[in-house]
$ cat run_6.txt   # compact mmCIF, C-alpha atoms and all ligand atoms
# COMPACT_ATOMS: atom_id res chain seq x y z
CA MET A 1 -119.12 -40.58 17.50
CA ALA A 2 -117.91 -43.76 15.77
CA GLU A 3 -117.21 -46.70 18.06
CA LYS A 4 -113.54 -47.07 18.97
CA THR A 5 -111.58 -49.82 17.25
CA VAL A 6 -109.97 -52.46 19.42
CA PHE A 7 -106.62 -50.86 18.59
CA GLN A 8 -107.81 -47.45 19.78
CA ARG A 9 -108.89 -49.10 23.01
CA ILE A 10 -105.38 -50.58 23.38
CA ILE A 11 -103.84 -47.13 22.70
CA ASP A 12 -106.16 -45.63 25.36
CA ARG A 13 -105.22 -48.43 27.80
CA GLU A 14 -108.84 -49.59 28.03
CA ILE A 15 -107.85 -53.16 27.19
CA PRO A 16 -104.50 -54.84 27.84
CA ALA A 17 -101.88 -55.70 25.25
CA GLU A 18 -98.24 -56.72 25.36
CA ILE A 19 -96.69 -53.47 24.18
CA VAL A 20 -93.18 -53.76 22.74
CA TYR A 21 -92.70 -50.18 21.48
CA GLU A 22 -94.40 -46.81 21.78
CA ASP A 23 -93.65 -43.22 20.85
CA ALA A 24 -95.71 -40.08 20.20
CA GLU A 25 -97.00 -41.28 16.82
CA CYS A 26 -97.33 -45.04 17.05
CA ILE A 27 -97.61 -48.10 19.22
CA ALA A 28 -96.57 -51.73 18.64
CA PHE A 29 -97.96 -54.72 20.52
CA LYS A 30 -98.07 -58.49 20.16
CA ASP A 31 -100.85 -59.93 18.03
CA ILE A 32 -103.37 -61.89 20.08
CA ARG A 33 -103.39 -64.68 17.43
CA PRO A 34 -99.74 -64.88 16.35
CA GLN A 35 -98.99 -66.34 12.92
CA ALA A 36 -95.25 -66.63 13.59
CA PRO A 37 -93.00 -66.87 16.66
CA PHE A 38 -92.74 -63.07 16.51
CA HIS A 39 -95.92 -61.23 15.44
CA VAL A 40 -96.34 -57.58 16.33
CA LEU A 41 -98.86 -55.03 15.08
CA VAL A 42 -97.50 -51.54 14.44
CA VAL A 43 -100.30 -48.99 14.64
CA PRO A 44 -100.40 -45.21 14.15
CA LYS A 45 -102.06 -43.41 17.05
CA ARG A 46 -104.05 -41.33 14.59
CA VAL A 47 -107.05 -43.35 13.37
CA ILE A 48 -106.88 -44.04 9.64
CA PRO A 49 -109.33 -46.86 8.76
CA THR A 50 -107.59 -48.37 5.70
CA LEU A 51 -104.70 -47.63 3.34
CA ASN A 52 -107.31 -46.20 0.96
CA ASP A 53 -108.11 -43.50 3.51
CA LEU A 54 -104.55 -42.14 3.58
CA SER A 55 -104.12 -38.49 2.67
CA ASP A 56 -100.95 -36.63 1.75
CA ALA A 57 -100.82 -35.41 5.35
CA ASP A 58 -100.36 -39.02 6.51
CA ALA A 59 -97.17 -39.61 4.49
CA GLN A 60 -94.87 -38.63 7.36
CA THR A 61 -96.76 -40.88 9.78
CA ILE A 62 -96.53 -43.91 7.50
CA GLY A 63 -92.83 -43.28 6.91
CA HIS A 64 -92.39 -43.03 10.66
CA LEU A 65 -93.92 -46.49 11.12
CA PHE A 66 -91.18 -47.99 8.95
CA VAL A 67 -88.50 -46.25 10.99
CA ALA A 68 -90.19 -47.57 14.16
CA MET A 69 -90.12 -51.09 12.68
CA ARG A 70 -86.38 -50.79 12.11
CA THR A 71 -86.00 -49.86 15.79
CA ILE A 72 -88.25 -52.74 16.88
CA ALA A 73 -86.27 -55.20 14.74
CA ALA A 74 -83.01 -54.07 16.34
CA GLU A 75 -84.43 -54.08 19.88
CA GLN A 76 -86.05 -57.50 19.45
CA GLY A 77 -82.97 -59.02 17.81
CA LEU A 78 -84.64 -59.98 14.52
CA THR A 79 -81.30 -60.77 12.91
CA GLY A 80 -82.77 -63.30 10.48
CA GLY A 81 -85.10 -60.72 8.93
CA TYR A 82 -88.82 -60.18 9.05
CA ARG A 83 -91.86 -59.63 6.87
CA VAL A 84 -94.20 -56.62 6.92
CA VAL A 85 -97.81 -57.13 5.79
CA VAL A 86 -100.69 -54.70 5.44
CA ASN A 87 -104.17 -56.00 4.72
CA CYS A 88 -106.45 -53.52 2.96
CA GLY A 89 -110.12 -54.31 2.49
CA PRO A 90 -112.17 -57.50 2.50
CA ASP A 91 -110.26 -59.46 -0.17
CA ALA A 92 -107.08 -59.05 1.87
CA GLY A 93 -108.93 -60.07 5.04
CA GLN A 94 -108.66 -56.78 6.91
CA GLU A 95 -110.44 -57.30 10.21
CA VAL A 96 -109.64 -54.16 12.21
CA MET A 97 -110.44 -50.84 10.52
CA HIS A 98 -107.44 -48.96 11.88
CA VAL A 99 -104.38 -49.08 9.62
CA HIS A 100 -101.72 -51.43 10.98
CA PHE A 101 -98.59 -53.19 9.80
CA HIS A 102 -98.09 -56.83 10.74
CA MET A 103 -94.44 -57.48 11.50
CA VAL A 104 -93.72 -61.22 11.52
CA ALA A 105 -90.48 -63.10 12.11
CA GLY A 106 -88.96 -66.21 13.58
CA ARG A 107 -89.69 -68.64 10.76
CA LYS A 108 -89.32 -68.89 6.98
CA PHE A 109 -92.13 -67.34 4.95
CA GLY A 110 -93.29 -68.60 1.59
CA TRP A 111 -93.70 -66.55 -1.56
CA PRO A 112 -96.17 -65.83 -3.04
CA PRO A 113 -98.17 -65.30 0.16
CA GLY A 114 -101.40 -67.26 0.59
P1 LIG B 1 -106.11 -57.62 9.98
O1 LIG B 1 -106.75 -58.88 9.54
O2 LIG B 1 -107.11 -56.50 10.22
O3 LIG B 1 -104.97 -57.20 9.10
O4 LIG B 1 -105.42 -57.96 11.37
C1 LIG B 1 -105.98 -57.70 12.60
C2 LIG B 1 -105.12 -58.40 13.63
O5 LIG B 1 -105.48 -57.93 14.91
C3 LIG B 1 -105.31 -59.93 13.65
O6 LIG B 1 -104.07 -60.56 13.37
C4 LIG B 1 -105.81 -60.21 15.06
O7 LIG B 1 -105.28 -61.39 15.61
C5 LIG B 1 -105.37 -58.97 15.82
N1 LIG B 1 -106.24 -58.65 16.93
C6 LIG B 1 -107.60 -58.56 16.92
N2 LIG B 1 -108.08 -58.21 18.13
C7 LIG B 1 -106.98 -58.07 18.93
C8 LIG B 1 -106.81 -57.71 20.31
O8 LIG B 1 -107.76 -57.46 21.05
N3 LIG B 1 -105.55 -57.66 20.78
C9 LIG B 1 -104.46 -57.92 20.00
N4 LIG B 1 -103.25 -57.83 20.56
N5 LIG B 1 -104.57 -58.26 18.69
C10 LIG B 1 -105.82 -58.33 18.17
$ encode --input "run_6.txt" --output "structure tokens" --more "lines below"
Ligand code: 5GP
Amino acid sequence: MAEKTVFQRIIDREIPAEIVYEDAECIAFKDIRPQAPFHVLVVPKRVIPTLNDLSDADAQTIGHLFVAMRTIAAEQGLTGGYRVVVNCGPDAGQEVMHVHFHMVAGRKFGWPPG
């Protein structure tokens, strides 16, 4: 069996994380190396390595993550807005092979991104 990703180990409570939201399909926890005052990773519980591995059956799950982010934004009081980032593959700098959305807030973000 493939080795568990660090995110799967967080989902399975094998390693600690500061969890801010969880439901049957996803979990959200603070990034260990935050790039903004608020930096949370929103992760589906089903393992999907990268965006390129999505199938039609995953469409509901991915849509659900956006609805979860709306809930997180309201619960965390992100009234000034936030940015959602997904890294896919080496050029984007994807480090953990388990699809995740970075949700960052609490400062101004430049455009285009670096
Ligand atoms: P990626 O570059 O794959 O889009 O982002 C992976 C993110 O996971 C990075 O921002 C990194 O700081 C975060 N990360 C890696 N290992 C851990 C960990 O053990 N715990 C937490 N909370 N975040 C992690």
$ axis_aligned_box --input "run_6.txt" --around "range 5-14 of chain A" --padding-each-side "8 Å" --output "AutoDock Vina command-line options"
--center_x -107.7 --center_y -49.0 --center_z 22.6 --size_x 23.7 --size_y 22.8 --size_z 26.8
$ residues_near_point --input "run_6.txt" --point "(-92.7, -65.8, 7.8)" --cutoff "9 Å" --atoms "all atoms listed in the file" --output "short mmCIF file (atom, residue, chain, number, x, y, z; two decimals) with C-alpha atoms, in the coordinates of the input"
data_model
loop_
_atom_site.label_atom_id
_atom_site.label_comp_id
_atom_site.auth_asym_id
_atom_site.auth_seq_id
_atom_site.Cartn_x
_atom_site.Cartn_y
_atom_site.Cartn_z
CA GLN A 35 -98.99 -66.34 12.92
CA ALA A 36 -95.25 -66.63 13.59
CA PRO A 37 -93.00 -66.87 16.66
CA TYR A 82 -88.82 -60.18 9.05
CA ARG A 83 -91.86 -59.63 6.87
CA VAL A 104 -93.72 -61.22 11.52
CA ALA A 105 -90.48 -63.10 12.11
CA GLY A 106 -88.96 -66.21 13.58
CA ARG A 107 -89.69 -68.64 10.76
CA LYS A 108 -89.32 -68.89 6.98
CA PHE A 109 -92.13 -67.34 4.95
CA GLY A 110 -93.29 -68.60 1.59
#
$ residues_near_ligand --input "run_6.txt" --ligand "ligand LIG 1 (chain B)" --cutoff "8 Å" --atoms "only C-alpha atoms and all ligand atoms" --output "NGL selection string"
:A and (6-7 or 10 or 15-18 or 29-35 or 41 or 85-88 or 92-102)
$ residues_near_point --input "run_6.txt" --point "(-86.2, -59.3, 19.5)" --cutoff "12 Å" --atoms "only C-alpha atoms" --output "PyMOL selection string"
chain A and resi 20-21+30+37-40+69-82+103-106
$ atom_distance --input "run_6.txt" --atom1 "CA of Gln8 in chain A" --atom2 "CA of Lys45 in chain A"
7.5 Å
$ atom_distance --input "run_6.txt" --atom1 "CA of Asp23 in chain A" --atom2 "CA of Ala68 in chain A"
8.7 Å
$ atom_distance --input "run_6.txt" --atom1 "CA of Ala28 in chain A" --atom2 "CA of Pro44 in chain A"
8.8 Å
$ closest_residue --input "run_6.txt" --among "A:Leu65, A:Cys26, A:Val47, A:Leu54" --to "Ala2 in chain A" --atoms "all atoms listed in the file"
A:Val47
$ closest_residue --input "run_6.txt" --among "A:Ala59, A:Lys4, A:His64, A:Thr50" --to "Ile27 in chain A" --atoms "all atoms listed in the file"
A:His64
$ closest_residue --input "run_6.txt" --among "A:Thr5, A:Leu51, A:Pro112, A:Val43" --to "Phe66 in chain A" --atoms "only C-alpha atoms"
A:Val43
